[in-house]
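Below is coords_6.tsv, holding TSV, C-alpha atoms.
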chain	number	residue	atom	x	y	z
P	25	MET	CA	17.55	14.22	14.93
P	26	LYS	CA	19.59	15.07	18.00
P	27	PRO	CA	22.49	17.49	17.52
P	28	PHE	CA	25.91	15.88	17.68
P	29	ARG	CA	27.37	16.09	21.19
P	30	TYR	CA	30.91	17.50	21.24
P	31	ASN	CA	33.54	18.03	23.84
P	32	THR	CA	33.78	21.82	24.06
P	33	PRO	CA	37.23	23.26	24.76
P	34	SER	CA	37.34	26.96	25.57
P	35	PHE	CA	38.27	29.32	22.75
P	36	PRO	CA	40.20	32.51	23.58
P	37	ALA	CA	39.04	35.81	22.08
P	38	GLU	CA	42.46	37.41	21.56
P	39	TRP	CA	44.23	37.80	18.22
P	40	PRO	CA	45.04	35.60	16.38
P	41	GLU	CA	42.69	33.04	17.97
P	42	SER	CA	39.72	35.32	17.27
P	43	TYR	CA	40.75	35.47	13.60
P	44	TYR	CA	40.32	31.73	13.15
P	45	ALA	CA	36.89	31.81	14.77
P	46	LEU	CA	35.44	34.11	12.08
P	47	PRO	CA	33.72	33.14	8.81
P	48	PRO	CA	35.97	33.63	5.75
P	49	LYS	CA	34.79	37.08	4.61
P	50	GLU	CA	34.91	38.53	8.11
P	51	ARG	CA	38.24	36.82	8.71
P	52	PHE	CA	39.78	38.48	5.67
P	53	ARG	CA	38.43	41.90	6.67
P	54	ALA	CA	39.80	41.49	10.19
P	55	LEU	CA	43.16	40.45	8.78
P	56	GLN	CA	43.28	43.51	6.52
P	57	GLU	CA	42.58	45.72	9.52
P	58	GLN	CA	45.32	43.97	11.47
P	59	LEU	CA	47.78	44.51	8.61
P	60	LYS	CA	46.90	48.21	8.44
P	61	GLN	CA	47.96	48.51	12.08
P	62	TYR	CA	50.94	46.16	11.79
P	63	PRO	CA	52.02	46.11	8.13
P	64	ASP	CA	55.35	44.46	8.91
P	65	SER	CA	53.87	41.58	10.90
P	66	ALA	CA	55.44	38.48	9.34
P	67	ASP	CA	52.86	36.22	10.99
P	68	ASP	CA	49.92	38.19	9.63
P	69	LEU	CA	51.46	38.39	6.17
P	70	ARG	CA	51.78	34.60	6.31
P	71	ARG	CA	48.14	34.34	7.37
P	72	GLU	CA	47.18	36.47	4.38
P	73	GLU	CA	49.23	34.23	2.05
P	74	LEU	CA	47.52	31.10	3.37
P	75	PHE	CA	44.10	32.72	3.31
P	76	LEU	CA	44.47	33.51	-0.39
P	77	LYS	CA	45.69	29.99	-1.13
P	78	ARG	CA	42.81	28.46	0.80
P	79	TYR	CA	39.92	30.76	-0.17
P	80	GLY	CA	41.01	32.88	-3.14
P	81	LYS	CA	38.66	35.62	-4.26
P	82	THR	CA	35.51	33.49	-4.09
P	83	TYR	CA	35.77	32.63	-0.36
P	84	ASP	CA	35.08	28.99	-1.25
P	85	ASP	CA	37.08	26.69	1.01
P	86	GLY	CA	39.79	25.08	-1.13
P	87	PHE	CA	40.78	22.81	1.75
P	88	MET	CA	37.26	21.39	1.91
P	89	LEU	CA	37.25	20.91	-1.88
P	90	GLY	CA	40.61	19.14	-1.70
P	91	TRP	CA	39.25	16.78	0.97
P	92	MET	CA	36.17	15.93	-1.09
P	93	MET	CA	38.20	15.40	-4.28
P	94	LEU	CA	40.50	12.96	-2.48
P	95	LYS	CA	37.36	10.99	-1.57
P	96	VAL	CA	36.41	11.00	-5.25
P	97	ALA	CA	39.92	9.83	-6.18
P	98	ASP	CA	39.50	6.89	-3.81
P	99	SER	CA	36.35	5.77	-5.60
P	100	GLU	CA	38.17	5.87	-8.95
P	101	GLY	CA	40.91	3.51	-7.79
P	102	ALA	CA	44.47	3.30	-9.08
P	103	SER	CA	44.71	0.44	-11.56
P	104	ALA	CA	47.85	0.12	-13.67
P	105	GLY	CA	46.19	1.85	-16.63
P	106	THR	CA	45.15	4.93	-14.66
P	107	ARG	CA	48.02	5.20	-12.15
P	108	PRO	CA	49.75	8.31	-13.68
P	109	ARG	CA	46.43	10.16	-13.86
P	110	PHE	CA	45.51	9.02	-10.34
P	111	ARG	CA	48.84	10.23	-8.97
P	112	HIS	CA	48.42	13.57	-10.76
P	113	GLU	CA	44.89	14.04	-9.34
P	114	VAL	CA	46.03	13.24	-5.80
P	115	GLU	CA	49.05	15.53	-6.16
P	116	THR	CA	46.77	18.38	-7.31
P	117	GLU	CA	44.53	18.01	-4.27
P	118	LEU	CA	47.43	17.74	-1.85
P	119	LYS	CA	48.74	21.01	-3.24
P	120	ARG	CA	45.29	22.52	-2.74
P	121	LEU	CA	45.49	21.40	0.91
P	122	CYS	CA	48.99	22.98	1.20
P	123	VAL	CA	50.44	19.53	1.93
P	124	LEU	CA	52.90	19.75	-1.00
P	125	ASP	CA	55.13	22.65	-2.06
P	126	GLU	CA	54.46	24.56	1.15
P	127	THR	CA	56.48	25.56	4.20
P	128	LEU	CA	55.34	23.59	7.23
P	129	ASP	CA	55.22	26.22	9.98
P	130	ASP	CA	53.08	26.90	13.04
P	131	ILE	CA	50.75	29.20	11.10
P	132	LEU	CA	50.00	26.52	8.51
P	133	LYS	CA	49.42	24.02	11.33
P	134	THR	CA	46.97	26.45	12.95
P	135	GLU	CA	45.17	26.88	9.60
P	136	TRP	CA	44.91	23.10	9.28
P	137	ARG	CA	43.67	22.87	12.88
P	138	GLN	CA	40.89	25.35	12.13
P	139	PHE	CA	40.05	23.44	8.95
P	140	ALA	CA	39.94	20.14	10.87
P	141	ASN	CA	37.56	21.65	13.41
P	142	THR	CA	35.30	22.95	10.62
P	143	LEU	CA	35.49	19.67	8.70
P	144	ILE	CA	34.58	17.50	11.68
P	145	ARG	CA	31.69	19.70	12.77
P	146	THR	CA	30.37	20.09	9.20
P	147	TYR	CA	30.29	16.37	8.54
P	148	LEU	CA	29.05	15.18	11.90
P	149	ASP	CA	26.31	17.84	12.07
P	150	SER	CA	25.14	17.15	8.49
P	151	PRO	CA	21.67	15.54	8.41
P	152	SER	CA	22.50	13.90	5.06
P	153	TYR	CA	25.73	12.40	6.42
P	154	ARG	CA	23.89	11.06	9.45
P	155	SER	CA	20.93	9.72	7.44
P	156	MET	CA	20.70	5.96	7.03
P	157	PHE	CA	18.92	5.18	3.75
P	158	PHE	CA	16.93	7.57	1.54
P	159	GLY	CA	16.70	10.01	4.43
P	160	ILE	CA	14.88	7.53	6.63
P	161	GLY	CA	16.25	7.23	10.15
P	162	SER	CA	19.67	8.36	11.29
P	163	TRP	CA	22.86	6.77	12.51
P	164	SER	CA	23.71	7.00	16.18
P	165	GLN	CA	26.32	9.52	17.27
P	166	GLU	CA	28.90	6.76	17.70
P	167	THR	CA	28.16	5.18	14.31
P	168	THR	CA	28.38	8.58	12.63
P	169	ALA	CA	31.73	9.24	14.29
P	170	ARG	CA	33.01	5.81	13.23
P	171	ARG	CA	31.94	6.43	9.63
P	172	PHE	CA	33.83	9.70	9.60
P	173	ALA	CA	36.88	8.08	11.22
P	174	GLY	CA	36.89	5.66	8.28
P	175	GLU	CA	36.86	8.64	5.94
P	176	ILE	CA	39.87	10.09	7.76
P	177	VAL	CA	41.74	6.83	7.10
P	178	THR	CA	40.75	6.90	3.42
P	179	VAL	CA	41.66	10.53	2.75
P	180	THR	CA	44.76	10.91	4.91
P	181	LYS	CA	46.29	7.44	4.61
P	182	ASN	CA	44.98	5.13	1.90
P	183	VAL	CA	44.68	7.55	-1.03
P	184	PRO	CA	48.01	9.34	-0.44
P	185	GLN	CA	49.71	5.96	0.12
P	186	ARG	CA	48.49	4.60	-3.23
P	187	ALA	CA	49.82	7.72	-4.95
P	188	GLY	CA	53.16	7.64	-3.14
P	189	PHE	CA	52.52	10.65	-0.88
P	190	GLU	CA	51.69	9.05	2.48
P	191	LEU	CA	54.67	10.53	4.33
P	192	LYS	CA	53.84	14.02	3.04
P	193	MET	CA	50.31	13.68	4.44
P	194	ILE	CA	51.37	12.75	7.98
P	195	PRO	CA	51.47	16.32	9.43
P	196	LEU	CA	47.91	17.10	8.27
P	197	ARG	CA	46.71	13.63	9.27
P	198	ASP	CA	48.09	14.13	12.78
P	199	ILE	CA	46.22	17.42	13.14
P	200	ILE	CA	42.93	15.94	11.87
P	201	LYS	CA	43.32	13.10	14.37
P	202	GLU	CA	44.22	15.53	17.17
P	203	GLN	CA	41.07	17.59	16.57
P	204	PHE	CA	38.87	14.50	16.24
P	205	ILE	CA	40.12	13.25	19.63
P	206	LEU	CA	39.61	16.69	21.14
P	207	LEU	CA	36.07	17.16	19.82
P	208	VAL	CA	34.48	13.72	19.63
P	209	PRO	CA	33.63	11.71	22.73
P	210	ASP	CA	35.70	8.48	22.73
P	211	GLY	CA	37.48	9.88	19.67
P	212	GLU	CA	40.81	8.20	20.39
P	213	GLU	CA	39.31	4.72	20.64
P	214	ILE	CA	37.20	5.32	17.51
P	215	LEU	CA	40.23	6.46	15.49
P	216	ASP	CA	42.45	3.63	16.75
P	217	SER	CA	39.81	1.14	15.65
P	218	ALA	CA	39.46	2.78	12.22
P	219	PHE	CA	43.21	2.79	11.56
P	220	ARG	CA	43.52	-0.87	12.61
P	221	MET	CA	40.73	-2.00	10.29
P	222	PRO	CA	41.94	-3.59	7.03
P	223	ARG	CA	40.85	-1.64	3.93
Turn the structure described in the file into structure tokens.
Amino acid sequence: MKPFRYNTPSFPAEWPESYYALPPKERFRALQEQLKQYPDSADDLRREELFLKRYGKTYDDGFMLGWMMLKVADSEGASAGTRPRFRHEVETELKRLCVLDETLDDILKTEWRQFANTLIRTYLDSPSYRSMFFGIGSWSQETTARRFAGEIVTVTKNVPQRAGFELKMIPLRDIIKEQFILLVPDGEEILDSAFRMPR
């Protein structure tokens, strides 16, 4: 299976850009070192706050979990009998993604941007995501990208809309779309097509 072909923007090595390029454990260590040197840095204290909300003590990515659980919520539907539970589940995951009850600032947007980059690369590089049926054959790069664009619509538009949170999701949705367009060849056309498609 050929590796997914990305557009490759340059990535600066200075702080804080270098911080977002590190794996979680190394990122946290680098942040602690930064805070030792600059303990009053409001930006780095905010990064620490968001790191702990996203990764906690286990270093598991809560943003990625929130994304996957919103996919699960979509498969459960939102019939009249389950609507309160559905809304509660979606609300829980949006809080996990820092979409609700969180200050929308540039540092959160940068955290979301890094998450979007990781999310897109993780999914589009995944052999299981690119497999056709029972591991036999693989989707083309374009088909894989279109499948994931459909998932972006589901997670950032359809599910929040059914739970009454669509407007709250717009800032994160815009960043996911921005990164998809930046990374994926023909990403803008693929996304436009996915958002126009009736679901």
Q | Spatial neighbours of P:Arg170, max dist 12 Å, only C-alpha atoms, sep filter under 2 positions, as a ChimeraX atom specification | A | /P:144,147-148,153-154,163-168,172-177,204,208-219,221
Which residues of stretch 74-179 of chain P come within 8 Å of stretch 42-65 of chain P, and for each one, what is the closest pair of atoms and their distance in Å to one decimal, counting all atoms listed in the file, sorted by chain and residue number, as a tab-separated table?
residue	atom	partner	partner_atom	distance
P:Phe75	CA	P:Phe52	CA	7.6
P:Tyr79	CA	P:Pro48	CA	7.7
P:Tyr83	CA	P:Pro48	CA	6.2
P:Glu135	CA	P:Tyr44	CA	7.7
P:Gln138	CA	P:Tyr44	CA	6.5
Q) So, counting only C-alpha atoms, which residue among P:Arg71, P:Arg186, P:Arg78, P:Arg137 is closest to P:Ala97? A) P:Arg186
**Q.** Protein/DNA/RNA residues near (49.1, 27.3, 11.3), cut 12 Å, only C-alpha atoms, as number ranges by chain
**A.** P: 40-41, 43-44, 67-68, 70-75, 122, 126-140, 195-196, 199
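Atom pair atom CA of P:Val183 / atom CA of P:Ile200 has a distance of 15.5 Å (rounded to one decimal).
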